[in-house]
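This is work15.txt (compact mmCIF, C-alpha atoms and all ligand atoms).
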# COMPACT_ATOMS: atom_id res chain seq x y z
CA MET I 1 124.87 225.55 257.54
CA ALA I 2 125.58 229.18 257.21
CA TRP I 3 127.72 229.14 260.31
CA PHE I 4 130.07 226.77 258.57
CA ARG I 5 131.02 229.59 256.28
CA ASN I 6 132.68 231.54 259.04
CA LEU I 7 136.36 231.57 258.60
CA ILE I 8 139.26 231.54 260.96
CA HIS I 9 142.89 231.85 260.33
CA ILE I 10 145.30 230.10 262.61
CA SER I 11 148.68 231.79 262.40
CA GLY I 12 151.69 229.66 263.18
CA LEU I 13 153.60 232.36 264.91
CA LYS I 14 155.82 230.17 267.01
CA SER I 15 155.51 226.78 265.43
CA SER I 16 157.36 225.05 262.68
CA VAL I 17 154.27 223.26 261.29
CA LYS I 18 154.06 224.27 257.66
CA VAL I 19 150.66 225.44 256.61
CA ASN I 20 149.82 226.64 253.16
CA PRO I 21 148.51 230.16 253.78
CA ARG I 22 146.25 229.97 250.75
CA ASN I 23 144.37 227.11 252.33
CA MET I 24 144.27 228.41 255.83
CA SER I 25 140.90 230.05 255.66
CA PHE I 26 139.25 226.70 256.09
CA THR I 27 135.54 226.67 256.61
CA THR I 28 134.94 226.26 260.25
CA ALA I 29 134.79 227.89 263.42
CA LEU I 30 132.37 229.00 265.51
CA SER I 31 133.18 228.06 268.96
CA HIS I 32 136.26 228.92 270.80
CA PHE I 33 136.98 227.50 274.20
CA SER I 34 139.74 229.01 276.22
CA THR I 35 141.17 228.88 279.70
CA LEU I 36 142.10 232.51 279.25
CA PRO I 37 139.96 234.95 281.24
CA SER I 38 137.97 237.14 278.92
CA PRO I 39 137.26 240.73 279.90
CA PRO I 40 133.48 240.85 280.37
CA SER I 41 133.10 244.14 278.56
CA ALA I 42 135.38 243.26 275.66
CA THR I 43 133.86 243.13 272.22
CA ALA I 44 134.46 240.01 270.17
CA HIS I 45 136.98 241.93 268.10
CA ASN I 46 139.02 243.09 271.10
CA TYR I 47 138.90 239.67 272.62
CA TYR I 48 140.25 237.89 269.61
CA SER I 49 142.88 240.41 268.82
CA GLY I 50 144.10 239.44 272.33
CA LEU I 51 145.00 235.96 271.10
CA GLY I 52 148.37 237.11 269.84
CA PRO I 53 151.69 235.50 270.71
CA THR I 54 151.98 234.54 274.38
CA LYS I 55 154.38 236.56 276.56
CA PRO I 56 157.30 234.93 278.40
CA ASP I 57 155.45 235.06 281.76
CA GLU I 58 152.27 233.47 280.31
CA ARG I 59 151.38 229.82 280.05
CA PRO I 60 152.16 228.45 276.60
CA ARG I 61 149.06 228.27 274.42
CA VAL I 62 147.98 224.94 273.00
CA VAL I 63 145.55 225.36 270.13
CA VAL I 64 143.47 222.25 269.50
CA LEU I 65 141.60 222.00 266.20
CA GLY I 66 138.53 219.80 266.54
CA SER I 67 136.36 218.61 269.43
CA GLY I 68 135.99 214.94 268.58
CA TRP I 69 137.36 211.80 270.15
CA ALA I 70 141.04 212.58 269.73
CA ALA I 71 140.81 216.26 270.65
CA CYS I 72 138.71 215.63 273.76
CA ARG I 73 140.88 212.81 275.02
CA PHE I 74 143.89 215.05 274.57
CA MET I 75 142.32 218.09 276.30
CA LYS I 76 141.04 215.97 279.17
CA GLY I 77 144.57 214.83 279.95
CA LEU I 78 146.25 218.21 279.61
CA ASP I 79 147.43 219.98 282.77
CA THR I 80 145.68 223.34 282.58
CA SER I 81 147.90 224.83 285.26
CA LEU I 82 150.74 224.49 282.76
CA TYR I 83 148.98 225.24 279.49
CA ASP I 84 146.34 227.57 278.15
CA ILE I 85 144.03 225.62 275.87
CA VAL I 86 142.19 227.10 272.94
CA CYS I 87 139.90 224.72 271.09
CA VAL I 88 138.57 225.67 267.67
CA SER I 89 135.72 223.62 266.28
CA PRO I 90 132.38 223.95 264.55
CA ARG I 91 130.78 222.33 267.58
CA ASN I 92 131.03 222.88 271.34
CA HIS I 93 130.50 219.25 272.26
CA MET I 94 131.87 215.81 271.61
CA VAL I 95 129.65 213.25 269.91
CA PHE I 96 129.60 209.69 271.22
CA THR I 97 129.40 208.27 267.69
CA PRO I 98 128.83 204.57 268.52
CA LEU I 99 125.39 205.47 269.89
CA LEU I 100 124.42 207.97 267.22
CA ALA I 101 122.40 205.46 265.18
CA SER I 102 120.17 204.78 268.19
CA THR I 103 119.19 208.44 268.43
CA CYS I 104 117.78 208.40 264.87
CA VAL I 105 114.96 206.12 265.96
CA GLY I 106 114.42 207.46 269.46
CA THR I 107 116.00 204.56 271.37
CA LEU I 108 118.27 207.22 272.87
CA GLU I 109 117.80 210.94 273.16
CA PHE I 110 120.19 213.25 271.32
CA ARG I 111 121.55 214.78 274.50
CA SER I 112 122.67 211.32 275.67
CA VAL I 113 125.32 211.21 272.94
CA ALA I 114 126.61 214.78 273.13
CA GLU I 115 129.00 215.77 275.90
CA PRO I 116 129.82 219.47 276.33
CA ILE I 117 133.53 220.24 276.18
CA GLY I 118 133.27 222.04 279.52
CA ARG I 119 132.30 218.78 281.20
CA ILE I 120 135.18 216.91 279.62
CA GLN I 121 137.78 219.50 280.59
CA PRO I 122 136.23 221.68 283.33
CA ALA I 123 139.05 224.22 283.26
CA VAL I 124 138.21 225.12 279.71
CA ARG I 125 135.70 227.89 279.33
CA CYS I 126 133.52 228.04 276.26
CA GLU I 127 133.11 231.21 274.24
CA THR I 128 130.92 231.44 271.19
CA VAL I 129 132.63 233.60 268.65
CA THR I 130 130.19 233.40 265.80
CA ASP I 131 128.36 236.63 265.19
CA GLY I 132 125.15 234.81 264.44
CA VAL I 133 124.27 231.46 262.96
CA ASN I 134 122.74 233.06 259.90
CA THR I 135 125.69 235.19 259.01
CA ILE I 136 127.01 234.85 255.52
CA THR I 137 129.92 237.20 256.00
CA PRO I 138 133.14 235.30 256.58
CA TRP I 139 134.80 236.37 259.77
CA LYS I 140 138.57 236.10 260.00
CA PHE I 141 140.76 236.30 263.03
CA ASP I 142 144.18 235.11 264.08
CA ILE I 143 145.13 232.81 266.92
CA ALA I 144 148.80 232.47 267.76
CA TYR I 145 149.92 229.12 269.13
CA ASP I 146 152.89 227.68 270.91
CA LYS I 147 151.73 224.16 270.12
CA LEU I 148 149.15 223.14 267.55
CA VAL I 149 147.16 219.91 267.76
CA ILE I 150 145.26 218.94 264.62
CA ALA I 151 142.41 216.55 265.41
CA LEU I 152 139.95 217.31 262.63
CA GLY I 153 138.77 213.76 262.03
CA ALA I 154 137.56 212.94 258.55
CA GLU I 155 134.84 213.85 256.11
CA ALA I 156 132.19 211.60 254.60
CA SER I 157 133.25 210.33 251.18
CA THR I 158 130.87 210.81 248.28
CA PHE I 159 133.32 209.81 245.50
CA GLY I 160 132.02 212.81 243.58
CA ILE I 161 128.72 211.04 242.88
CA HIS I 162 126.23 213.56 241.64
CA GLY I 163 123.38 214.47 244.01
CA VAL I 164 124.69 212.83 247.19
CA LYS I 165 125.36 216.04 249.11
CA GLU I 166 122.04 217.55 248.03
CA ASN I 167 119.76 214.58 248.67
CA ALA I 168 121.32 212.13 251.10
CA ILE I 169 121.84 212.47 254.85
CA PHE I 170 125.15 211.48 256.40
CA LEU I 171 125.38 210.01 259.88
CA ARG I 172 128.27 211.70 261.62
CA GLU I 173 126.85 214.50 263.75
CA VAL I 174 123.89 214.96 266.08
CA HIS I 175 122.19 217.27 263.56
CA HIS I 176 122.35 214.45 261.00
CA ALA I 177 120.54 212.13 263.42
CA VAL I 178 117.96 214.85 264.09
CA GLU I 179 117.36 215.22 260.36
CA ILE I 180 117.04 211.45 259.86
CA ARG I 181 114.50 211.17 262.67
CA ARG I 182 112.55 214.18 261.39
CA LYS I 183 112.40 212.81 257.85
CA LEU I 184 111.41 209.33 258.99
CA LEU I 185 108.53 210.62 261.11
CA LEU I 186 107.44 213.11 258.47
CA ASN I 187 107.31 210.36 255.84
CA LEU I 188 105.31 208.14 258.17
CA MET I 189 102.76 210.94 258.55
CA LEU I 190 102.73 211.85 254.86
CA SER I 191 102.09 208.25 253.94
CA ASP I 192 98.79 208.48 255.82
CA VAL I 193 97.49 211.47 253.88
CA PRO I 194 94.14 210.53 252.28
CA GLY I 195 94.31 209.89 248.56
CA ILE I 196 98.04 209.18 248.38
CA SER I 197 98.91 206.69 245.65
CA GLU I 198 100.25 203.25 246.45
CA ASP I 199 103.50 203.98 244.60
CA GLU I 200 104.06 207.23 246.47
CA LYS I 201 103.34 205.54 249.78
CA ARG I 202 105.92 202.86 248.98
CA ARG I 203 108.47 205.48 247.98
CA LEU I 204 107.99 207.59 251.09
CA LEU I 205 108.40 204.54 253.29
CA HIS I 206 111.42 203.14 251.50
CA CYS I 207 114.50 203.80 253.64
CA VAL I 208 117.71 203.28 251.70
CA VAL I 209 121.14 203.06 253.27
CA VAL I 210 124.14 203.23 250.94
CA GLY I 211 127.34 201.66 252.27
CA GLY I 212 127.66 198.36 254.09
CA GLY I 213 130.42 199.30 256.51
CA PRO I 214 129.94 199.26 260.29
CA THR I 215 127.91 202.49 260.34
CA GLY I 216 125.59 201.49 257.47
CA VAL I 217 125.03 198.01 258.90
CA GLU I 218 124.41 199.30 262.41
CA PHE I 219 122.02 201.96 261.21
CA SER I 220 120.09 199.50 258.99
CA GLY I 221 119.75 197.20 261.99
CA GLU I 222 118.48 200.00 264.24
CA LEU I 223 116.01 201.07 261.60
CA SER I 224 114.61 197.61 261.04
CA ASP I 225 114.29 197.05 264.82
CA PHE I 226 112.36 200.30 265.01
CA ILE I 227 110.11 199.20 262.17
CA MET I 228 109.48 195.73 263.63
CA ARG I 229 108.90 196.93 267.19
CA ASP I 230 107.43 200.41 267.02
CA VAL I 231 106.21 201.26 263.55
CA ARG I 232 104.18 198.11 263.06
CA GLN I 233 102.29 198.79 266.29
CA ARG I 234 101.86 202.53 266.11
CA TYR I 235 101.45 202.91 262.36
CA ALA I 236 99.70 199.68 261.50
CA HIS I 237 98.55 201.10 258.17
CA VAL I 238 102.11 201.14 256.83
CA LYS I 239 103.35 197.76 257.89
CA ASP I 240 103.24 196.29 254.39
CA TYR I 241 104.83 199.34 252.78
CA ILE I 242 107.82 200.27 254.92
CA HIS I 243 111.15 198.69 253.98
CA VAL I 244 114.86 199.10 254.54
CA THR I 245 117.32 198.46 251.70
CA LEU I 246 121.07 198.38 252.20
CA ILE I 247 123.05 198.95 249.00
CA GLU I 248 126.69 197.88 248.97
CA ALA I 249 129.11 197.70 246.04
CA ASN I 250 130.99 194.66 247.39
CA GLU I 251 130.33 192.71 250.54
CA ILE I 252 128.97 194.16 253.74
CA LEU I 253 131.53 194.60 256.53
CA SER I 254 134.33 193.79 254.11
CA SER I 255 137.05 194.58 256.65
CA PHE I 256 135.69 192.02 259.14
CA ASP I 257 136.20 188.29 259.12
CA ASP I 258 134.01 185.98 257.11
CA ARG I 259 132.12 184.48 260.07
CA LEU I 260 131.07 187.90 261.29
CA ARG I 261 130.04 188.96 257.80
CA ARG I 262 127.83 185.89 257.42
CA TYR I 263 126.30 186.45 260.85
CA ALA I 264 125.54 190.09 260.09
CA THR I 265 124.04 189.16 256.71
CA SER I 266 121.75 186.57 258.27
CA GLN I 267 120.68 188.88 261.11
CA LEU I 268 119.90 191.74 258.74
CA THR I 269 117.97 189.49 256.38
CA LYS I 270 116.01 188.00 259.29
CA SER I 271 115.03 191.45 260.45
CA GLY I 272 113.76 192.38 257.02
CA VAL I 273 116.62 194.43 255.58
CA ARG I 274 116.97 193.89 251.83
CA LEU I 275 120.62 193.62 250.83
CA VAL I 276 121.36 194.82 247.31
CA ARG I 277 124.72 194.49 245.58
CA GLY I 278 125.13 197.58 243.41
CA VAL I 279 127.05 200.73 242.67
CA VAL I 280 125.23 204.04 242.91
CA LYS I 281 125.80 206.22 239.85
CA ASP I 282 123.47 209.14 240.45
CA VAL I 283 121.27 210.40 243.27
CA LYS I 284 118.14 212.31 242.36
CA SER I 285 115.71 213.87 244.81
CA GLN I 286 113.39 210.86 244.96
CA LYS I 287 115.35 208.01 243.39
CA ILE I 288 118.82 206.53 243.08
CA VAL I 289 120.19 205.28 239.78
CA LEU I 290 122.54 202.30 239.93
CA ASN I 291 125.34 201.51 237.47
CA ASP I 292 123.22 198.90 235.70
CA GLY I 293 120.44 201.44 235.16
CA THR I 294 118.18 200.21 237.97
CA GLU I 295 116.19 202.99 239.57
CA VAL I 296 115.50 202.80 243.29
CA PRO I 297 112.85 205.23 244.61
CA TYR I 298 113.38 206.32 248.19
CA GLY I 299 111.84 208.46 250.91
CA LEU I 300 114.85 208.51 253.21
CA LEU I 301 118.43 208.12 252.02
CA VAL I 302 121.34 207.70 254.41
CA TRP I 303 124.83 207.80 252.92
CA SER I 304 127.60 205.96 254.69
CA THR I 305 130.33 204.93 252.27
CA GLY I 306 133.34 205.66 254.41
CA VAL I 307 135.45 208.69 255.17
CA GLY I 308 138.42 210.56 253.78
CA PRO I 309 140.55 213.57 254.70
CA SER I 310 139.05 217.05 254.68
CA PRO I 311 140.38 219.62 252.18
CA PHE I 312 142.13 221.39 255.05
CA VAL I 313 143.98 218.24 256.12
CA ARG I 314 144.86 217.53 252.47
CA SER I 315 146.37 220.99 252.23
CA LEU I 316 148.75 220.49 255.15
CA GLU I 317 152.35 219.71 254.35
CA VAL I 318 152.88 217.25 257.21
CA PRO I 319 153.45 213.46 257.20
CA LYS I 320 150.17 211.56 256.75
CA SER I 321 148.89 207.99 256.88
CA PRO I 322 148.39 206.14 253.56
CA GLY I 323 144.73 207.27 253.45
CA GLY I 324 145.90 210.89 253.49
CA ARG I 325 144.80 211.54 257.08
C1 LIG I 401 127.81 206.54 263.40
C2 LIG I 401 129.22 206.19 263.79
C3 LIG I 401 129.46 205.12 264.63
C4 LIG I 401 130.77 204.80 265.00
N1 LIG I 401 130.97 203.74 265.84
C5 LIG I 401 132.21 203.44 266.24
C6 LIG I 401 132.46 202.37 267.15
O1 LIG I 401 131.52 201.70 267.59
N2 LIG I 401 133.74 202.12 267.50
C7 LIG I 401 134.78 202.86 267.03
O2 LIG I 401 135.93 202.60 267.39
N3 LIG I 401 134.60 203.88 266.17
C8 LIG I 401 133.35 204.19 265.76
N4 LIG I 401 133.15 205.21 264.88
C9 LIG I 401 134.32 205.94 264.37
C10 LIG I 401 134.77 207.01 265.36
O3 LIG I 401 133.71 207.90 265.64
C11 LIG I 401 135.92 207.79 264.74
O4 LIG I 401 136.98 206.90 264.52
C12 LIG I 401 136.36 208.91 265.65
O5 LIG I 401 135.33 209.85 265.77
C13 LIG I 401 137.61 209.59 265.10
O6 LIG I 401 138.01 210.54 266.06
P1 LIG I 401 138.67 211.93 265.63
O7 LIG I 401 138.89 212.71 266.87
O8 LIG I 401 139.81 211.66 264.74
O9 LIG I 401 137.56 212.66 264.73
P2 LIG I 401 136.10 213.15 265.13
O10 LIG I 401 135.61 212.50 266.35
O11 LIG I 401 135.29 213.07 263.89
O12 LIG I 401 136.36 214.69 265.46
C14 LIG I 401 136.70 215.65 264.50
C15 LIG I 401 136.44 217.04 265.09
O13 LIG I 401 136.96 218.03 264.22
C16 LIG I 401 135.98 219.05 264.04
N5 LIG I 401 136.26 219.70 262.76
C17 LIG I 401 136.04 219.23 261.53
N6 LIG I 401 136.46 220.12 260.61
C18 LIG I 401 136.97 221.16 261.28
C19 LIG I 401 137.60 222.38 260.89
N7 LIG I 401 137.78 222.69 259.61
N8 LIG I 401 138.02 223.23 261.87
C20 LIG I 401 137.87 222.92 263.17
N9 LIG I 401 137.32 221.77 263.59
C21 LIG I 401 136.85 220.91 262.65
C22 LIG I 401 134.67 218.30 264.11
O14 LIG I 401 133.60 219.16 264.39
C23 LIG I 401 134.96 217.36 265.27
O15 LIG I 401 134.78 218.03 266.48
C24 LIG I 401 131.86 205.55 264.50
C25 LIG I 401 131.62 206.63 263.65
C26 LIG I 401 130.32 206.97 263.30
C27 LIG I 401 130.08 208.14 262.39
File written out as structure tokens:
Amino acid sequence: MAWFRNLIHISGLKSSVKVNPRNMSFTTALSHFSTLPSPPSATAHNYYSGLGPTKPDERPRVVVLGSGWAACRFMKGLDTSLYDIVCVSPRNHMVFTPLLASTCVGTLEFRSVAEPIGRIQPAVRCETVTDGVNTITPWKFDIAYDKLVIALGAEASTFGIHGVKENAIFLREVHHAVEIRRKLLLNLMLSDVPGISEDEKRRLLHCVVVGGGPTGVEFSGELSDFIMRDVRQRYAHVKDYIHVTLIEANEILSSFDDRLRRYATSQLTKSGVRLVRGVVKDVKSQKIVLNDGTEVPYGLLVWSTGVGPSPFVRSLEVPKSPGGR
């Protein structure tokens, strides 16, 4: 994600929110949506140097960081005749996360779960400010704000476990779902290559989900439905090889009540998901190592062990919830 390396610098010119300047060049930024008219001939540089402090006769500028649930709900309700909105986010759309798991297996198309910001708040115009998705040069610019709204959500937790970021796929964004679907279909095709060993076939078709929270459970369920309904018909040759394993350190859905937990466990088991109690210690490119030394070969690994604050949010000197968000 080279574009993620672009940098922006939000300058708190009129606000009292305290931001540590050393941490301000957070990795982000690529899309900027503004109700401000942009001169058609202006270069990107001229345009952004125009986002200085607002003048007394101008609408106050509300800078919104993030384009997720909170940010979009907020922008939708804002009166754009009173405020100028500038939204800064790595993505120009909102993701309808509850349906994301269904897109991994083709039950829903990706575009069904992504809503452009311009449709959520029609008065906001979108401007792409990245100078190319492949750029590796950080690009800094300042945006002055009268009010700053921080709605950056959270980041997937890996607990510093070696190899997670390199080998596992998270399930938080549309591009994650695209990657999961691509890998799943690729492995189905690879497993049919003549001469492939039985062990390799089993590995390729072993889908492992780590984390038994709502996302992990929902995704495991979607995956096993897909296997039962589609894969077994269309790829009959793999029906005895493809499996879903859900690894959880404690109990699945631990924040839900006992009855629901038991129901989910029985439904998952019925649909062929193997539930494994274990703690992942290391993630290698084709296998996971558990705390007790067990090695679990996999073809697809989805990591869903909860979320925590991003480094940028951690760096802010503002009151936070107990989880640091
Ligand atoms: C697969 C899945 C299923 C879910 N299902 C449900 C459900 O059924 N019910 C439910 O209540 N909740 C569900 N959730 C949780 C729900 O999605 C979150 O609680 C919600 O998204 C939080 O909203 P938010 O606005 O705080 O953060 P998000 O929606 O995550 O938005 C954060 C925004 O900040 C942007 N951003 C991140 N870093 C930066 C940066 N440095 N600079 C600028 N912008 C940045 C992101 O691109 C994003 O636009 C689910 C989550 C997932 C992943």
Write out, as JSON lines, each residue of chain I that has an atom at most 6 Å from ligand LIG 401 (chain I), together with the closest pair of atoms and their distance in Å to one decimal, counting all atoms listed in the file, rows going by chain and rising number.
{"residue": "I:Phe26", "atom": "CA", "partner": "I:LIG401", "partner_atom": "N7", "distance": 5.5}
{"residue": "I:Thr27", "atom": "CA", "partner": "I:LIG401", "partner_atom": "N7", "distance": 5.5}
{"residue": "I:Thr28", "atom": "CA", "partner": "I:LIG401", "partner_atom": "N7", "distance": 4.6}
{"residue": "I:Ala29", "atom": "CA", "partner": "I:LIG401", "partner_atom": "C20", "distance": 5.9}
{"residue": "I:Leu65", "atom": "CA", "partner": "I:LIG401", "partner_atom": "C20", "distance": 4.9}
{"residue": "I:Gly66", "atom": "CA", "partner": "I:LIG401", "partner_atom": "O13", "distance": 3.3}
{"residue": "I:Ser67", "atom": "CA", "partner": "I:LIG401", "partner_atom": "O15", "distance": 3.4}
{"residue": "I:Gly68", "atom": "CA", "partner": "I:LIG401", "partner_atom": "O12", "distance": 3.2}
{"residue": "I:Trp69", "atom": "CA", "partner": "I:LIG401", "partner_atom": "O7", "distance": 3.7}
{"residue": "I:Ala70", "atom": "CA", "partner": "I:LIG401", "partner_atom": "O7", "distance": 3.6}
{"residue": "I:Ala71", "atom": "CA", "partner": "I:LIG401", "partner_atom": "O7", "distance": 5.5}
{"residue": "I:Val88", "atom": "CA", "partner": "I:LIG401", "partner_atom": "C20", "distance": 5.3}
{"residue": "I:Ser89", "atom": "CA", "partner": "I:LIG401", "partner_atom": "N9", "distance": 3.6}
{"residue": "I:Pro90", "atom": "CA", "partner": "I:LIG401", "partner_atom": "O14", "distance": 4.9}
{"residue": "I:Arg91", "atom": "CA", "partner": "I:LIG401", "partner_atom": "O14", "distance": 5.3}
{"residue": "I:Thr97", "atom": "CA", "partner": "I:LIG401", "partner_atom": "C3", "distance": 4.4}
{"residue": "I:Pro98", "atom": "CA", "partner": "I:LIG401", "partner_atom": "N1", "distance": 3.5}
{"residue": "I:Leu100", "atom": "CA", "partner": "I:LIG401", "partner_atom": "C1", "distance": 5.3}
{"residue": "I:Ala101", "atom": "CA", "partner": "I:LIG401", "partner_atom": "C1", "distance": 5.8}
{"residue": "I:Ala151", "atom": "CA", "partner": "I:LIG401", "partner_atom": "O7", "distance": 5.4}
{"residue": "I:Leu152", "atom": "CA", "partner": "I:LIG401", "partner_atom": "O13", "distance": 3.5}
{"residue": "I:Gly153", "atom": "CA", "partner": "I:LIG401", "partner_atom": "O9", "distance": 3.2}
{"residue": "I:Ala154", "atom": "CA", "partner": "I:LIG401", "partner_atom": "O11", "distance": 5.8}
{"residue": "I:Leu171", "atom": "CA", "partner": "I:LIG401", "partner_atom": "C1", "distance": 5.5}
{"residue": "I:Arg172", "atom": "CA", "partner": "I:LIG401", "partner_atom": "C27", "distance": 4.1}
{"residue": "I:Thr215", "atom": "CA", "partner": "I:LIG401", "partner_atom": "C1", "distance": 5.1}
Please dump the current selection as a PDB file, in the frame of the given file; keep C-alpha atoms.
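Listing of selection25.pdb after writing:
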ATOM      1  CA  PHE I  26     139.250 226.700 256.090  1.00  0.00           C
ATOM      2  CA  THR I  27     135.540 226.670 256.610  1.00  0.00           C
ATOM      3  CA  THR I  28     134.940 226.260 260.250  1.00  0.00           C
ATOM      4  CA  ALA I  29     134.790 227.890 263.420  1.00  0.00           C
ATOM      5  CA  LEU I  65     141.600 222.000 266.200  1.00  0.00           C
ATOM      6  CA  GLY I  66     138.530 219.800 266.540  1.00  0.00           C
ATOM      7  CA  SER I  67     136.360 218.610 269.430  1.00  0.00           C
ATOM      8  CA  GLY I  68     135.990 214.940 268.580  1.00  0.00           C
ATOM      9  CA  TRP I  69     137.360 211.800 270.150  1.00  0.00           C
ATOM     10  CA  ALA I  70     141.040 212.580 269.730  1.00  0.00           C
ATOM     11  CA  ALA I  71     140.810 216.260 270.650  1.00  0.00           C
ATOM     12  CA  VAL I  88     138.570 225.670 267.670  1.00  0.00           C
ATOM     13  CA  SER I  89     135.720 223.620 266.280  1.00  0.00           C
ATOM     14  CA  PRO I  90     132.380 223.950 264.550  1.00  0.00           C
ATOM     15  CA  ARG I  91     130.780 222.330 267.580  1.00  0.00           C
ATOM     16  CA  THR I  97     129.400 208.270 267.690  1.00  0.00           C
ATOM     17  CA  PRO I  98     128.830 204.570 268.520  1.00  0.00           C
ATOM     18  CA  LEU I 100     124.420 207.970 267.220  1.00  0.00           C
ATOM     19  CA  ALA I 101     122.400 205.460 265.180  1.00  0.00           C
ATOM     20  CA  ALA I 151     142.410 216.550 265.410  1.00  0.00           C
ATOM     21  CA  LEU I 152     139.950 217.310 262.630  1.00  0.00           C
ATOM     22  CA  GLY I 153     138.770 213.760 262.030  1.00  0.00           C
ATOM     23  CA  ALA I 154     137.560 212.940 258.550  1.00  0.00           C
ATOM     24  CA  LEU I 171     125.380 210.010 259.880  1.00  0.00           C
ATOM     25  CA  ARG I 172     128.270 211.700 261.620  1.00  0.00           C
ATOM     26  CA  THR I 215     127.910 202.490 260.340  1.00  0.00           C
TER      27      THR I 215
END
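Considering all atoms listed in the file, the residue among I:Leu99, I:Leu204, I:Val313, I:Cys72 positioned nearest to Ser191 in chain I is I:Leu204.
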(message) With all atoms listed in the file as the counted atoms, please give the residues lying no more than 6 Å from range 269-285 of chain I, apart from itself and same-chain residues fewer than 3 positions off, as JSON, numbers by chain.
(response) {"I": [162, 163, 164, 167, 244, 245, 246, 247, 248, 249, 266, 288, 289, 290, 291]}
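Going from CA of Gln267 in chain I over to CA of Arg181 in chain I, you cover 23.2 Å.
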(message) One number please: CA of Tyr83 in chain I to CA of Ile150 in chain I, in Å, one decimal.
(response) 16.6 Å
(request) Excluding range 255-262 of chain I and any residue of its chain fewer than 5 positions from it, enumerate the residues within 12 Å of it, using all atoms listed in the file, and give them as a list in words. (result)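 Listed by chain and then number, they are Gly212, Gly213, Pro214, Val217, Asn250, Gln267, Leu268, Thr269 and Gly306 of chain I.
Nearest residue to Phe141 in chain I among I:Leu51, I:Val231, I:Leu253, I:Ala236 is I:Leu51, counting only C-alpha atoms.
Considering all atoms listed in the file, the residue among I:Cys104, I:Thr305, I:Leu186, I:Pro311 positioned nearest to Glu222 in chain I is I:Cys104.
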(message) Could you check which residues have any atom within 12 Å of (147.7, 210.9, 249.6), counting only C-alpha atoms with coordinates taken straight from the file, and then list them as a VMD selection string?
(response) chain I and resid 308 to 311 313 to 325
(request) Just give me the gap between CA of Val86 in chain I and CA of Arg61 in chain I in Å, one decimal is fine. (result)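 For CA of Val86 in chain I relative to CA of Arg61 in chain I, the distance reads 7.1 Å.
Using all atoms listed in the file, the smallest distance between any of I:Gln286, I:Leu184, I:Phe110, I:Asp292 and Glu166 in chain I comes from I:Gln286.
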(request) Rank I:Val149, I:Leu223, I:Val174, I:Cys207 by their smallest atom-to-atom distance to His243 in chain I, using all atoms listed in the file, and report the top residue only. (result) I:Cys207
Complete the atoms of range 145-156 of chain I to N, CA and C atoms and put them out as a PDB file, keeping the file's coordinate frame.
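File written: result15.pdb
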ATOM      1  N   TYR I 145     149.774 230.314 268.296  1.00  0.00           N
ATOM      2  CA  TYR I 145     149.920 229.120 269.130  1.00  0.00           C
ATOM      3  C   TYR I 145     151.379 228.846 269.454  1.00  0.00           C
ATOM      4  N   ASP I 146     151.571 228.201 270.606  1.00  0.00           N
ATOM      5  CA  ASP I 146     152.890 227.680 270.910  1.00  0.00           C
ATOM      6  C   ASP I 146     152.961 226.233 270.463  1.00  0.00           C
ATOM      7  N   LYS I 147     151.830 225.541 270.634  1.00  0.00           N
ATOM      8  CA  LYS I 147     151.730 224.160 270.120  1.00  0.00           C
ATOM      9  C   LYS I 147     150.378 224.035 269.423  1.00  0.00           C
ATOM     10  N   LEU I 148     150.389 223.307 268.303  1.00  0.00           N
ATOM     11  CA  LEU I 148     149.150 223.140 267.550  1.00  0.00           C
ATOM     12  C   LEU I 148     148.820 221.649 267.464  1.00  0.00           C
ATOM     13  N   VAL I 149     147.598 221.301 267.851  1.00  0.00           N
ATOM     14  CA  VAL I 149     147.160 219.910 267.760  1.00  0.00           C
ATOM     15  C   VAL I 149     146.057 219.838 266.714  1.00  0.00           C
ATOM     16  N   ILE I 150     146.263 219.036 265.683  1.00  0.00           N
ATOM     17  CA  ILE I 150     145.260 218.940 264.620  1.00  0.00           C
ATOM     18  C   ILE I 150     144.499 217.637 264.797  1.00  0.00           C
ATOM     19  N   ALA I 151     143.233 217.755 265.166  1.00  0.00           N
ATOM     20  CA  ALA I 151     142.410 216.550 265.410  1.00  0.00           C
ATOM     21  C   ALA I 151     141.068 216.749 264.715  1.00  0.00           C
ATOM     22  N   LEU I 152     141.139 216.925 263.402  1.00  0.00           N
ATOM     23  CA  LEU I 152     139.950 217.310 262.630  1.00  0.00           C
ATOM     24  C   LEU I 152     139.141 216.130 262.125  1.00  0.00           C
ATOM     25  N   GLY I 153     139.558 214.920 262.461  1.00  0.00           N
ATOM     26  CA  GLY I 153     138.770 213.760 262.030  1.00  0.00           C
ATOM     27  C   GLY I 153     138.778 213.619 260.518  1.00  0.00           C
ATOM     28  N   ALA I 154     137.637 213.213 259.987  1.00  0.00           N
ATOM     29  CA  ALA I 154     137.560 212.940 258.550  1.00  0.00           C
ATOM     30  C   ALA I 154     136.228 213.447 258.029  1.00  0.00           C
ATOM     31  N   GLU I 155     136.106 213.428 256.732  1.00  0.00           N
ATOM     32  CA  GLU I 155     134.840 213.850 256.110  1.00  0.00           C
ATOM     33  C   GLU I 155     134.210 212.678 255.388  1.00  0.00           C
ATOM     34  N   ALA I 156     132.884 212.687 255.308  1.00  0.00           N
ATOM     35  CA  ALA I 156     132.190 211.600 254.600  1.00  0.00           C
ATOM     36  C   ALA I 156     132.600 211.611 253.131  1.00  0.00           C
TER      37      ALA I 156
END
